[in-house]
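Participant: Got a structure for you, questions after.
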Amino acid sequence: MTRVIFNEERCKGCGLCIQFCPKSIMYLSEQRNRLGYNYAIIDDMAGCTGCAICALMCPEVIIEVVEEAAV
Amino acid sequence: MTRVIFNEERCKGCGLCIQFCPKSIMYLSEQRNRLGYNYAIIDDMAGCTGCAICALMCPEVIIEVVEEAAV
Amino acid sequence: MSEVILMKGNEAIGEAAIRANCRHFFGYPITPQTEVLEYLARRLPEEGGAYVQAESEISAINMVFGASCAGARVMTASSSPGISLMQEGISYIASAQLPAVIINIMRGAPGLGGIHPSQADYFQSVKGGGHGDYKLIVLAPSSVQELIDHTMLAFELSEKYRTPVMVFGDGMLGQMMEPVVFPDYLPPPVDRPWATTGMEGRGPNIVHTLYLPAPDLENHCHRLFDKYRDIEAREKRSQEYFTDDAEILVVSYGIASRVARAGVEMAREAGIKAGLFRPITLWPFPDLQLQAAAKQARLLISAEISMGQMIEDVRLGIRDKVPVKLFNRIGLVPNPDEIFEFIKAEAGEVSKIG
Amino acid sequence: MSEVILMKGNEAIGEAAIRANCRHFFGYPITPQTEVLEYLARRLPEEGGAYVQAESEISAINMVFGASCAGARVMTASSSPGISLMQEGISYIASAQLPAVIINIMRGAPGLGGIHPSQADYFQSVKGGGHGDYKLIVLAPSSVQELIDHTMLAFELSEKYRTPVMVFGDGMLGQMMEPVVFPDYLPPPVDRPWATTGMEGRGPNIVHTLYLPAPDLENHCHRLFDKYRDIEAREKRSQEYFTDDAEILVVSYGIASRVARAGVEMAREAGIKAGLFRPITLWPFPDLQLQAAAKQARLLISAEISMGQMIEDVRLGIRDKVPVKLFNRIGLVPNPDEIFEFIKAEAGEVSKIG
Amino acid sequence: MAKIKGYQRPQTLHDKPWHFCPGCHHGIVHRLCAEVVEEMGLQSQTIGVGSVGCGVFSYNYFNFDGIGPSHGRAPAVATGVKRVLPDKLVFTYQGDGDLAAIGTTEMVHSAVRGENITIIFVNNTLYGMTGGQMAPTTLMGQQTTTTPRGRTREQAGYPMKVCEMLATMDGSAYIARTAVFNPAQVLKTKKAIRKAFETQMAGLGFSLVEVLSACPTNWGMNPLEALDHVKDNMLPVYPLGEFKLKKE
Amino acid sequence: MAKIKGYQRPQTLHDKPWHFCPGCHHGIVHRLCAEVVEEMGLQSQTIGVGSVGCGVFSYNYFNFDGIGPSHGRAPAVATGVKRVLPDKLVFTYQGDGDLAAIGTTEMVHSAVRGENITIIFVNNTLYGMTGGQMAPTTLMGQQTTTTPRGRTREQAGYPMKVCEMLATMDGSAYIARTAVFNPAQVLKTKKAIRKAFETQMAGLGFSLVEVLSACPTNWGMNPLEALDHVKDNMLPVYPLGEFKLKKE
Amino acid sequence: MKRDFVMAGFGGQGVLSMGLFLAYAAMIEGKKVSYVPSYGAEMRGGTANCTVTISDREISSPVVAHPQNVVVMNHPSLEKFEPMLKSGGLLLVNGSLVHQDVQRNDIHALVIPCQELANEIGFPQGSNMIMLGALLELTKIIDNNHIYDYLVKTFKGKYMDKMPLNIKAMQTGMDYVRKRDVKILEIA
Amino acid sequence: MKRDFVMAGFGGQGVLSMGLFLAYAAMIEGKKVSYVPSYGAEMRGGTANCTVTISDREISSPVVAHPQNVVVMNHPSLEKFEPMLKSGGLLLVNGSLVHQDVQRNDIHALVIPCQELANEIGFPQGSNMIMLGALLELTKIIDNNHIYDYLVKTFKGKYMDKMPLNIKAMQTGMDYVRKRDVKILEIA
Ligand SMILES: Cc1ncc(C[n+]2csc(CCOP(=O)(O)OP(=O)(O)O)c2C)c(N)n1
Ligand SMILES: Cc1ncc(C[n+]2csc(CCOP(=O)(O)OP(=O)(O)O)c2C)c(N)n1
Ligand code: SF4
Ligand code: SF4
Ligand code: SF4
Ligand code: SF4
Ligand code: SF4
Ligand code: SF4
Ligand SMILES: [Mg+2]
Ligand SMILES: [Mg+2]
């Protein structure tokens, strides 16, 4: 299974990941991080295909997409 | 009749006028002018057609081609 | 026109140029000067003038050269690294005896440095950053109002003497806002009989700086320096606070002189006989005025935002008759307390000696 | 290597660079310096080095910046207007603490000026033609042999202190021929642990000049000036002739000092107690040496091929204890007779006073 | 478009926050440069030459040797480096103001000399760092702080086309224009950067990749609007593609 | 080729000797500029902007207003003049070192801005005035004092083609390359200069005429050999023709 | 009379506008003023701050070592400016973003939940105006009767549609501090 | 012993080579020398001149106000340098190009028809060598026995094919002045 890890505290809420996620499973949190931005989050991680398009678009390079060995 | 006037003292003897005179009536004098150059001259002015090609090529702008009223 | 308005230093410079009837500006963006450009990019077309954004500071200063040749009242503005790039052009403008106004809103340096306020281009502009023997008139305003007054004065002096004039600001003066009143418009430039405007009704005019036979160059330099001596005789300007009985005389210009004055006021309150001498023209340096102001002085302090540049002119100006010390900060405008503490410490020393 | 050969100044500089194991040169043609380029364009490929003809002096100085970052021993050469164009780059090199050698074969100025010998770039290079607080070590050779010696010394100093060094020649020194002997080759540059050569086996190296938080810039400037004070303490150089009992002390550097020396010799023959003090480093200026040499002096004469530039350092150096007068010519190297006549006239004055 | 399984920050980028505005394309281009250097195994062989503009801190972000040159002169600095270290990968990272305005001479002559360096050129049609002034690449009619009524021909002429111009030089070996306004374009940009670096390592001469980029802050747009602006308004003026491809 | 009946030195040239070497084409180009100004009746409306190079004294020869700018910056100076005096004829006279090396930025951006000025560009493939160093336009293999073994790609790349480059700019209105190695070419050059000046007077934008020229002195040839060199060796690299012709 | 103020926060939080208003209003009331922004167009995403000095007499120094009044809108600003505040001075803290306690006890400090108050009045962008209202109420540096007029003049007629909201936010800030027990400042 | 020389003429007349030879030869003979050309690569078609100083001791000034020996190869050079010549000094004039009379009578002047002499020996480019021979003969500054050797060294083996002609020209110059009644120079 793939997992998408965001470094939320560094997210600037630009929305590029959200825009291009083919599964549309990302959105901006209502919360602000310490920088003052609403940051990107995923709830439904199961819907993620691990395509890493979000990481490809993120200008802050704060998304990592990792394979997790199925437990 | 046309007459070609050289300012001999300013001629640098480059030979461009001579090279392109369609009548081949020009040549470099054996004499040097005060600048130390062998300067261009014409003996056979009658052979000149007044085409002014010599003036067109002269980099020193020292050739004038004038029309002389036939006397 | 005597309405008081609150204005940012850089914009005030722009509007002062408009009021000076300057209608041509050539410049290149650089922090902390950029608002001069931005202001004029908006205002000049409204006034029928031309704002041209040059592709570099080198192009800008050479466009200024051309526009001045063509008889226009013309200005450029930049900040330290950009002014370095203009040095060749400035040398040409000075040599060609063209009027032109150059604004330097200094920033931290050397190298890329930073965008902090600075006064570290003193040597460059006051001594001569370009090649050869020439001088720039250098004006050192210390408030937004003076940015206006000096910009307008710069046009007058540059035309009176046919010489480039530099107005020396810094990042803080350029960015801060203060209430200002604009003086009346200057009349448009008078006809310049030497300008290359097309030889309608006269022989050709030529503006150049090449003097190949050596005696021609020597004569040219002597002509220039005759003019410079004239300027030295007439245009030295300065301001003084509490100098009458000052035993410790702080010498400081531009934004630094504002805090120096506050420091001197604090010293006076503390019973120290401190005073402030503020050069307004950096070249010509007001040495005679300094000598007069320093009559009672036992110590001079050169307070600058640089590693000790004006101090040489202070030493030369006072003819080494009184010791001169350096107070300086880099990258920031010092605060009055620091200057006060420095004065206080030195006052202790001075009284010990005295 | 101790063969005596007759060599033109500019070519001697080129060969000196070769012998200093400098293998990279970037430059742009300008009279009267061009033979440095031409010589190196021929010689460097023979030695496995690179001659790159830059498209301008700005590019040249920035290529020097890059090559020095990459750990090379590197040089450029130009003449006055070209040196003006390098001012921004020089400020960057000084700030980045990069070793580099810059040759200035000065010519007539300001503006395009002429191609005559000149010393009018003194302020520019000695005080700081670029923006911000920095210093250049400036060497002032007075013969073709010294062009060689100082060029090689320049490489040594620039690497010892990680700072740009300028060698100050002029059109006459560059063009004239004198017999010279070349010293031994300098060893190739040692490894520079800070150089950007690729991070093989270490963390990344960075060369930059941006110090955005103000305290960083202030610290940076203090580090630079600590180094400069060190240089001032160790590297002031000068030469003296007949100074022991000199009542009239001529101060003169470079080609001017040659004729000044001849003038002084004539004065001695005429029974005048004249002497010559020759600064070899213009920055740091040998002020202590000057004070010592001037012990008996009643008058100092600053003899320069400029409108009075070094004279300020002479005044500062002598702390205004002895009057200083200017002797100068522009566009040409004065001849010994002129200096002698000047000394003679002043000797009359001095004895009247004394 | 190839599917990427897993993504990790490359070793060639330090793990620290950077100063770009939200949605700024500088971040994407930085990352791509770093990825290509890593994938080519050149981390210890690379010298990055920055510039003055919003990319000024590149040397703080890239985890390889870096130089901060003066405004516009990066190609000259890179030339100096490359002539000393001909086998290393030397590239500059420059904005449109830095490269196409003040640095025109250095850019053109690197191409004339066929200097074996690479320029990564981030074209966002204005001077980002100084607050959004007109650049030579500013679009016709585009409002900037120094073209408050939009760029006009009378005042400032026409947008400058760097790739088209440099492609006329015999010394240029690889010249391409790309964009990063969607994932496919990002991948194409990465490929172009790789080709450019390979061109250099093969010693074929001068290479340049122009990346059409967004400056949401100075365009006064949000990051998504900015993507559309690149696509809708920049592409017609600055067509994508390879303008020069020397195979030698 | 049209037959000219009579020839007289134009009023727009002072009647004094000039400093060019024997057979130098600068003289021909100077004369053509002066003739066109005269024929267009613009003597009192013209400001000539010189340059630093063997054409440095142009202001002493032309009998109209003249300016001597710094090396390479003539187009910027001309821009300054033109923005003040938009109705006058403003042209620069520059060599290949001045224009195509140090002055590249100023040249390119005059074209980018579509600046309504004309550049007369004398390309003699080297720096004449300083004694014959390599210029960006030096031919491959050509020996100069700084390419003693001939220009090579490794050291200095390839000849720079100014017309081809500037023709890619939207702001350029008239771009032509001509030569003066025989009477027909001289007449063509004159026509091109006239077209360029007319382009300017019609307000169409930037114009440039490149004239392939001989420097017999630094080529080490006599003036007639130099003519052949232009024809045989320069023409293949620098084809003649009009590269841009805006009609509005 | 000489009063100085530092206001600090993120870029975009409107601290520069606050300072600008203060300077404008005081100028209109015939005072000498100076306004010094920190500037950083070459830096993105940094903090912004400004110093405003208001005086009856000509202002020598536009910079102050120890400001009498400090407003901090975010956390880094608190860290930077709390230590600099003059003893006995006033410190206003935007409690919505700053969750750290004020350390000094030789000063008058007040925490204001700007965002929450702004949300309450349906003007979530109004945090800075809430804070400005609080500051004006506490320092009485400006004649509150003309605030609307001053606002219009400061912003030269821009944002006219938002004016009523801005006024409301200011008044909310004023009300908030009036209800608290804060000693009105007495400057040393 | 200190001797100085100025030689002047058109560019291309070989005056710089003359000076160079003098400097080289004197150096080889162990003297101190300095050679200062006028330079004018930025000027075409001007005049050229050089100053050579030869001395037993280190040379202070490489420039001289009043040269002891002057060679003029063309008219403008005569006009420029005749007045500067030291009283009692030697002036050699190229009579082939200079048709004006020498004015001063406090100097030793000699007119040499260089071109004609050069033509006579079938080496029309040899004017300068004719003149150099004359100068060497009159001043005896160089040991004439080694001239060929010095020439080869000066020009580093270039022009080897022309060497015999150059030597011949020099000797022609020497012979010419030996036949004239010129007092050998005694410098003041
Ligand atoms: C000599 C000099 N001139 C001007 C500047 C100011 N300056 C800094 S960045 C910049 C422009 C940056 O624009 P660009 O290259 O397009 O980069 P961007 O910020 O848009 O990415 C300018 C003009 C400078 N630092 N140095
Ligand atoms: C800043 C500066 N750099 C260099 C020079 C020296 N310089 C004078 S003319 C010239 C080159 C001239 O070549 P070009 O423009 O081709 O003209 P040409 O003489 O060949 O006609 C140079 C480099 C200068 N005067 N100023
Ligand atoms: S990896 Fe692909 S599917 Fe998963 S969140 Fe990212 S873009 Fe969406
Ligand atoms: S692309 Fe990156 S910075 Fe932008 S919202 Fe997504 S995670 Fe945040
Ligand atoms: S006018 Fe024609 S025919 Fe007459 S000399 Fe000149 S070129 Fe020859
Ligand atoms: S073209 Fe002119 S300069 Fe040349 S030889 Fe003929 S007349 Fe003389
Ligand atoms: S100003 Fe523009 S280019 Fe610069 S970081 Fe922000 S968005 Fe990017
Ligand atoms: S050097 Fe060349 S370009 Fe210059 S005048 Fe002589 S021939 Fe003409
Ligand atoms: Mg940009
Ligand atoms: Mg040329």
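Ordering of the structure tokens sets the chain letters (A, B, ...); residue numbers start at 1 within each chain; ligands are numbered from 1 in the order shown.
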Please provide the set of residues having any atom within 9 Å of Met1 of chain B, restricted to only C-alpha atoms, with same-chain residues fewer than 2 positions apart removed, written as a list in words.
Facilitator: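 Listed by chain and then number, they are Arg3, Ala46, Cys48, Thr49, Gly50, Val66, Glu67, Glu68, Ala69 and Ala70 of chain B.
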Participant: Output N, CA and C atoms of each residue in that selection to a file, as a short mmCIF file (atom, residue, chain, number, x, y, z; two decimals), in the first residue's frame.
Facilitator:
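Once everything was written out, this is again_35.cif:
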data_model
loop_
_atom_site.label_atom_id
_atom_site.label_comp_id
_atom_site.auth_asym_id
_atom_site.auth_seq_id
_atom_site.Cartn_x
_atom_site.Cartn_y
_atom_site.Cartn_z
N ARG B 3 35.23 65.74 -66.23
CA ARG B 3 36.60 65.78 -65.74
C ARG B 3 36.64 65.17 -64.33
N ALA B 46 40.41 62.09 -71.75
CA ALA B 46 39.41 61.99 -72.81
C ALA B 46 38.71 60.64 -72.80
N CYS B 48 37.66 59.11 -70.35
CA CYS B 48 36.75 59.00 -69.20
C CYS B 48 35.32 59.21 -69.64
N THR B 49 34.44 58.34 -69.16
CA THR B 49 33.02 58.46 -69.51
C THR B 49 32.25 59.25 -68.46
N GLY B 50 32.91 59.60 -67.38
CA GLY B 50 32.21 60.30 -66.31
C GLY B 50 31.30 59.40 -65.51
N VAL B 66 33.19 66.05 -62.49
CA VAL B 66 32.38 67.22 -62.85
C VAL B 66 32.16 67.27 -64.35
N GLU B 67 31.07 67.86 -64.69
CA GLU B 67 30.78 68.06 -66.11
C GLU B 67 31.37 69.41 -66.52
N GLU B 68 32.13 69.39 -67.59
CA GLU B 68 32.63 70.68 -68.06
C GLU B 68 31.93 71.02 -69.35
N ALA B 69 31.37 72.18 -69.39
CA ALA B 69 30.72 72.62 -70.64
C ALA B 69 31.76 72.55 -71.76
N ALA B 70 31.39 71.92 -72.88
CA ALA B 70 32.32 71.85 -74.01
C ALA B 70 32.60 73.26 -74.48
#
Participant: List all protein, DNA and RNA residues that have any atom at most 7 Å from ligand 1, counting only C-alpha atoms and all ligand atoms, and write the list as a compact mmCIF listing (two decimals) with N, CA, C and O atoms, in the first residue's frame.
Facilitator:
# COMPACT_ATOMS: atom_id res chain seq x y z
N TYR C 28 16.53 51.17 -13.87
CA TYR C 28 16.46 49.72 -13.78
C TYR C 28 16.10 49.38 -12.33
O TYR C 28 16.64 50.00 -11.42
N PRO C 29 15.20 48.43 -12.12
CA PRO C 29 14.73 48.17 -10.75
C PRO C 29 15.84 47.67 -9.84
O PRO C 29 16.69 46.89 -10.26
N ILE C 30 15.83 48.12 -8.63
CA ILE C 30 16.66 47.54 -7.58
C ILE C 30 16.14 48.01 -6.24
O ILE C 30 15.85 49.20 -6.06
N THR C 31 15.99 47.08 -5.33
CA THR C 31 15.62 47.41 -3.97
C THR C 31 16.82 48.07 -3.29
O THR C 31 17.95 47.62 -3.50
N SER C 56 19.45 47.56 -18.16
CA SER C 56 20.50 47.45 -17.14
C SER C 56 20.85 48.86 -16.70
O SER C 56 20.48 49.84 -17.34
N GLU C 57 21.61 48.94 -15.63
CA GLU C 57 22.04 50.25 -15.16
C GLU C 57 23.01 50.89 -16.14
O GLU C 57 23.09 52.11 -16.25
N PRO C 81 24.93 48.43 -6.00
CA PRO C 81 25.57 47.64 -7.08
C PRO C 81 25.27 48.25 -8.45
O PRO C 81 26.14 48.25 -9.33
N GLY C 82 24.08 48.78 -8.59
CA GLY C 82 23.71 49.42 -9.85
C GLY C 82 24.53 50.67 -10.10
O GLY C 82 24.90 50.97 -11.24
N LEU C 85 27.85 49.84 -11.55
CA LEU C 85 27.80 49.59 -12.99
C LEU C 85 27.77 50.88 -13.79
O LEU C 85 28.05 50.88 -14.99
N LEU C 112 26.75 41.56 -3.23
CA LEU C 112 25.29 41.67 -3.25
C LEU C 112 24.82 42.25 -1.93
O LEU C 112 23.84 42.98 -1.86
N VAL E 52 20.68 36.60 -9.32
CA VAL E 52 19.94 37.49 -8.42
C VAL E 52 18.54 37.63 -8.95
O VAL E 52 18.32 38.04 -10.09
N GLY E 53 17.59 37.27 -8.13
CA GLY E 53 16.21 37.16 -8.49
C GLY E 53 15.61 36.25 -7.43
O GLY E 53 16.29 35.94 -6.45
N CYS E 54 14.39 35.81 -7.60
CA CYS E 54 13.81 34.97 -6.55
C CYS E 54 14.57 33.66 -6.39
O CYS E 54 14.44 32.99 -5.37
N GLY E 55 15.38 33.30 -7.39
CA GLY E 55 16.19 32.11 -7.23
C GLY E 55 17.51 32.36 -6.51
O GLY E 55 18.39 31.50 -6.52
N SER E 70 26.87 38.01 -9.36
CA SER E 70 26.15 39.28 -9.42
C SER E 70 25.03 39.18 -10.46
O SER E 70 24.96 38.24 -11.24
N HIS E 71 24.16 40.17 -10.41
CA HIS E 71 22.94 40.15 -11.23
C HIS E 71 23.28 40.09 -12.72
O HIS E 71 23.93 41.00 -13.25
N GLN E 94 18.66 31.11 -13.74
CA GLN E 94 18.44 32.54 -13.89
C GLN E 94 16.99 32.89 -14.24
O GLN E 94 16.32 32.15 -14.97
N GLY E 95 16.56 34.01 -13.76
CA GLY E 95 15.25 34.53 -14.11
C GLY E 95 15.31 35.35 -15.40
O GLY E 95 16.38 35.56 -15.97
N ASP E 96 14.16 35.80 -15.85
CA ASP E 96 14.11 36.53 -17.11
C ASP E 96 14.74 37.91 -17.00
O ASP E 96 15.31 38.42 -17.97
N GLY E 97 14.65 38.54 -15.84
CA GLY E 97 15.32 39.82 -15.68
C GLY E 97 16.82 39.61 -15.71
O GLY E 97 17.55 40.28 -16.45
N ASP E 98 17.26 38.67 -14.93
CA ASP E 98 18.68 38.39 -14.81
C ASP E 98 19.30 37.97 -16.14
O ASP E 98 20.33 38.49 -16.56
N LEU E 99 18.63 37.04 -16.81
CA LEU E 99 19.20 36.48 -18.04
C LEU E 99 18.96 37.37 -19.26
O LEU E 99 19.85 37.59 -20.07
N VAL E 122 14.21 30.59 -15.91
CA VAL E 122 12.85 30.64 -15.39
C VAL E 122 12.19 31.94 -15.84
O VAL E 122 12.49 33.01 -15.33
N ASN E 123 11.31 31.82 -16.81
CA ASN E 123 10.67 33.00 -17.40
C ASN E 123 9.29 33.20 -16.79
O ASN E 123 8.35 32.47 -17.10
N ASN E 124 9.19 34.18 -15.93
CA ASN E 124 7.87 34.49 -15.33
C ASN E 124 7.39 35.88 -15.75
O ASN E 124 6.56 36.49 -15.10
N THR E 125 7.93 36.37 -16.82
CA THR E 125 7.51 37.62 -17.50
C THR E 125 7.58 38.87 -16.62
O THR E 125 6.95 39.87 -16.94
N LEU E 126 8.33 38.81 -15.56
CA LEU E 126 8.56 40.04 -14.80
C LEU E 126 9.68 39.83 -13.78
O LEU E 126 10.20 38.74 -13.63
N TYR E 127 10.02 40.92 -13.11
CA TYR E 127 11.02 40.88 -12.04
C TYR E 127 10.31 40.53 -10.76
O TYR E 127 9.68 41.38 -10.13
N GLY E 128 10.39 39.26 -10.37
CA GLY E 128 9.66 38.83 -9.18
C GLY E 128 10.24 39.44 -7.91
O GLY E 128 9.54 40.06 -7.12
N MET E 129 11.52 39.27 -7.75
CA MET E 129 12.11 39.59 -6.45
C MET E 129 11.98 41.06 -6.08
O MET E 129 11.84 41.40 -4.90
N THR E 130 12.04 41.93 -7.04
CA THR E 130 11.98 43.35 -6.72
C THR E 130 10.54 43.87 -6.68
O THR E 130 10.32 45.07 -6.56
N ALA E 135 9.66 43.08 -17.35
CA ALA E 135 10.89 42.47 -17.86
C ALA E 135 10.82 42.49 -19.38
O ALA E 135 9.77 42.80 -19.95
N GLU G 42 12.82 42.02 -1.61
CA GLU G 42 13.68 40.96 -2.13
C GLU G 42 13.53 39.69 -1.31
O GLU G 42 14.10 38.67 -1.63
Participant: What residues in chain B get the DSSP label alpha helix (DSSP H)? Please answer as a ChimeraX atom specification.
Facilitator: /B:16-20,53-57
Participant: Keeping only N, CA, C and O atoms, write those residues as a PDB file, in the first residue's frame.
Facilitator:
ATOM      1  N   LEU B  16      41.612  51.359 -55.259  1.00  0.00           N
ATOM      2  CA  LEU B  16      40.238  50.920 -55.507  1.00  0.00           C
ATOM      3  C   LEU B  16      39.639  51.588 -56.744  1.00  0.00           C
ATOM      4  O   LEU B  16      38.940  50.953 -57.532  1.00  0.00           O
ATOM      5  N   CYS B  17      39.936  52.864 -56.905  1.00  0.00           N
ATOM      6  CA  CYS B  17      39.426  53.565 -58.085  1.00  0.00           C
ATOM      7  C   CYS B  17      39.965  52.908 -59.354  1.00  0.00           C
ATOM      8  O   CYS B  17      39.232  52.659 -60.321  1.00  0.00           O
ATOM      9  N   ILE B  18      41.243  52.621 -59.298  1.00  0.00           N
ATOM     10  CA  ILE B  18      41.920  52.029 -60.461  1.00  0.00           C
ATOM     11  C   ILE B  18      41.308  50.686 -60.810  1.00  0.00           C
ATOM     12  O   ILE B  18      41.004  50.387 -61.963  1.00  0.00           O
ATOM     13  N   GLN B  19      41.091  49.884 -59.779  1.00  0.00           N
ATOM     14  CA  GLN B  19      40.566  48.542 -59.949  1.00  0.00           C
ATOM     15  C   GLN B  19      39.230  48.541 -60.691  1.00  0.00           C
ATOM     16  O   GLN B  19      38.969  47.659 -61.495  1.00  0.00           O
ATOM     17  N   PHE B  20      38.404  49.535 -60.417  1.00  0.00           N
ATOM     18  CA  PHE B  20      37.036  49.460 -60.931  1.00  0.00           C
ATOM     19  C   PHE B  20      36.740  50.426 -62.080  1.00  0.00           C
ATOM     20  O   PHE B  20      35.634  50.431 -62.603  1.00  0.00           O
ATOM     21  N   ILE B  53      32.415  55.848 -61.190  1.00  0.00           N
ATOM     22  CA  ILE B  53      32.647  54.640 -60.399  1.00  0.00           C
ATOM     23  C   ILE B  53      33.882  54.803 -59.529  1.00  0.00           C
ATOM     24  O   ILE B  53      33.931  54.337 -58.390  1.00  0.00           O
ATOM     25  N   CYS B  54      34.857  55.496 -60.030  1.00  0.00           N
ATOM     26  CA  CYS B  54      36.049  55.760 -59.229  1.00  0.00           C
ATOM     27  C   CYS B  54      35.658  56.480 -57.937  1.00  0.00           C
ATOM     28  O   CYS B  54      36.099  56.122 -56.852  1.00  0.00           O
ATOM     29  N   ALA B  55      34.818  57.482 -58.060  1.00  0.00           N
ATOM     30  CA  ALA B  55      34.381  58.244 -56.890  1.00  0.00           C
ATOM     31  C   ALA B  55      33.550  57.368 -55.965  1.00  0.00           C
ATOM     32  O   ALA B  55      33.620  57.480 -54.734  1.00  0.00           O
ATOM     33  N   LEU B  56      32.779  56.500 -56.578  1.00  0.00           N
ATOM     34  CA  LEU B  56      31.924  55.611 -55.780  1.00  0.00           C
ATOM     35  C   LEU B  56      32.765  54.702 -54.889  1.00  0.00           C
ATOM     36  O   LEU B  56      32.360  54.332 -53.796  1.00  0.00           O
ATOM     37  N   MET B  57      33.931  54.323 -55.384  1.00  0.00           N
ATOM     38  CA  MET B  57      34.753  53.384 -54.624  1.00  0.00           C
ATOM     39  C   MET B  57      35.780  54.058 -53.725  1.00  0.00           C
ATOM     40  O   MET B  57      36.313  53.419 -52.824  1.00  0.00           O
TER      41      MET B  57
END
Participant: Let me have all residues with an atom within 10 Å of ligand 4, counting only C-alpha atoms and all ligand atoms, laid out as a PyMOL selection string.
Facilitator: (chain A and resi 5-21+26-29+37-41+53-64) or (chain E and resi 21-24+27-28+223)
Participant: Restrict the distance test to only C-alpha atoms, flag each residue of chain F within 10 Å of chain E, and return the flagged residues as a ChimeraX atom specification.
Facilitator: /F:83,100-116,136-137,152-172,205-206
Participant: For chain B, report every residue with an atom at most 10 Å from chain H (counting only C-alpha atoms), formatted as a PyMOL selection string.
Facilitator: chain B and resi 32-36
Participant: Would you put the residues from that selection into a file with N, CA and C atoms, as a tab-separated table (two decimals), in the first residue's frame?
Facilitator:
chain	number	residue	atom	x	y	z
B	32	ARG	N	55.53	60.12	-54.80
B	32	ARG	CA	54.79	60.04	-53.53
B	32	ARG	C	54.28	61.43	-53.16
B	33	ASN	N	53.14	61.46	-52.55
B	33	ASN	CA	52.64	62.76	-52.05
B	33	ASN	C	53.20	63.00	-50.65
B	34	ARG	N	52.78	64.07	-50.04
B	34	ARG	CA	53.37	64.42	-48.77
B	34	ARG	C	53.08	63.41	-47.66
B	35	LEU	N	52.00	62.66	-47.84
B	35	LEU	CA	51.71	61.61	-46.86
B	35	LEU	C	52.60	60.40	-47.07
B	36	GLY	N	53.31	60.40	-48.20
B	36	GLY	CA	54.20	59.27	-48.46
B	36	GLY	C	53.59	58.20	-49.34
Participant: Neighbouring residues of Asp44 of chain B were defined as those with any atom within 10 Å, considering only C-alpha atoms; residues of the same chain fewer than 5 positions away were excluded. Please report them as a PyMOL selection string.
Facilitator: chain B and resi 23-26
Participant: Kindly provide, as a PyMOL selection string, the residues of chain F having any atom no farther than 8 Å from an atom of chain C, counting only C-alpha atoms.
Facilitator: chain F and resi 43-47+59+63-70+73-74+76-85+88+105-106+109
Participant: Show me, as a ChimeraX atom specification, the residues that have an atom within 6 Å of Ile119 of chain E when counting only C-alpha atoms, minus same-chain residues fewer than 3 positions from it.
Facilitator: /E:91-92,208
Participant: Print the selection's residues with N, CA and C atoms to a file, as an mmCIF file, in the first residue's frame.
Facilitator:
data_model
loop_
_atom_site.group_PDB
_atom_site.id
_atom_site.type_symbol
_atom_site.label_atom_id
_atom_site.label_comp_id
_atom_site.auth_asym_id
_atom_site.auth_seq_id
_atom_site.Cartn_x
_atom_site.Cartn_y
_atom_site.Cartn_z
ATOM 1 N N PHE E 91 26.001 24.572 -14.269
ATOM 2 C CA PHE E 91 24.788 25.173 -14.822
ATOM 3 C C PHE E 91 24.426 26.436 -14.067
ATOM 4 N N THR E 92 23.755 27.321 -14.754
ATOM 5 C CA THR E 92 23.257 28.527 -14.106
ATOM 6 C C THR E 92 21.750 28.410 -13.951
ATOM 7 N N LEU E 208 20.403 25.423 -23.147
ATOM 8 C CA LEU E 208 19.507 26.268 -22.362
ATOM 9 C C LEU E 208 18.107 25.678 -22.362
#
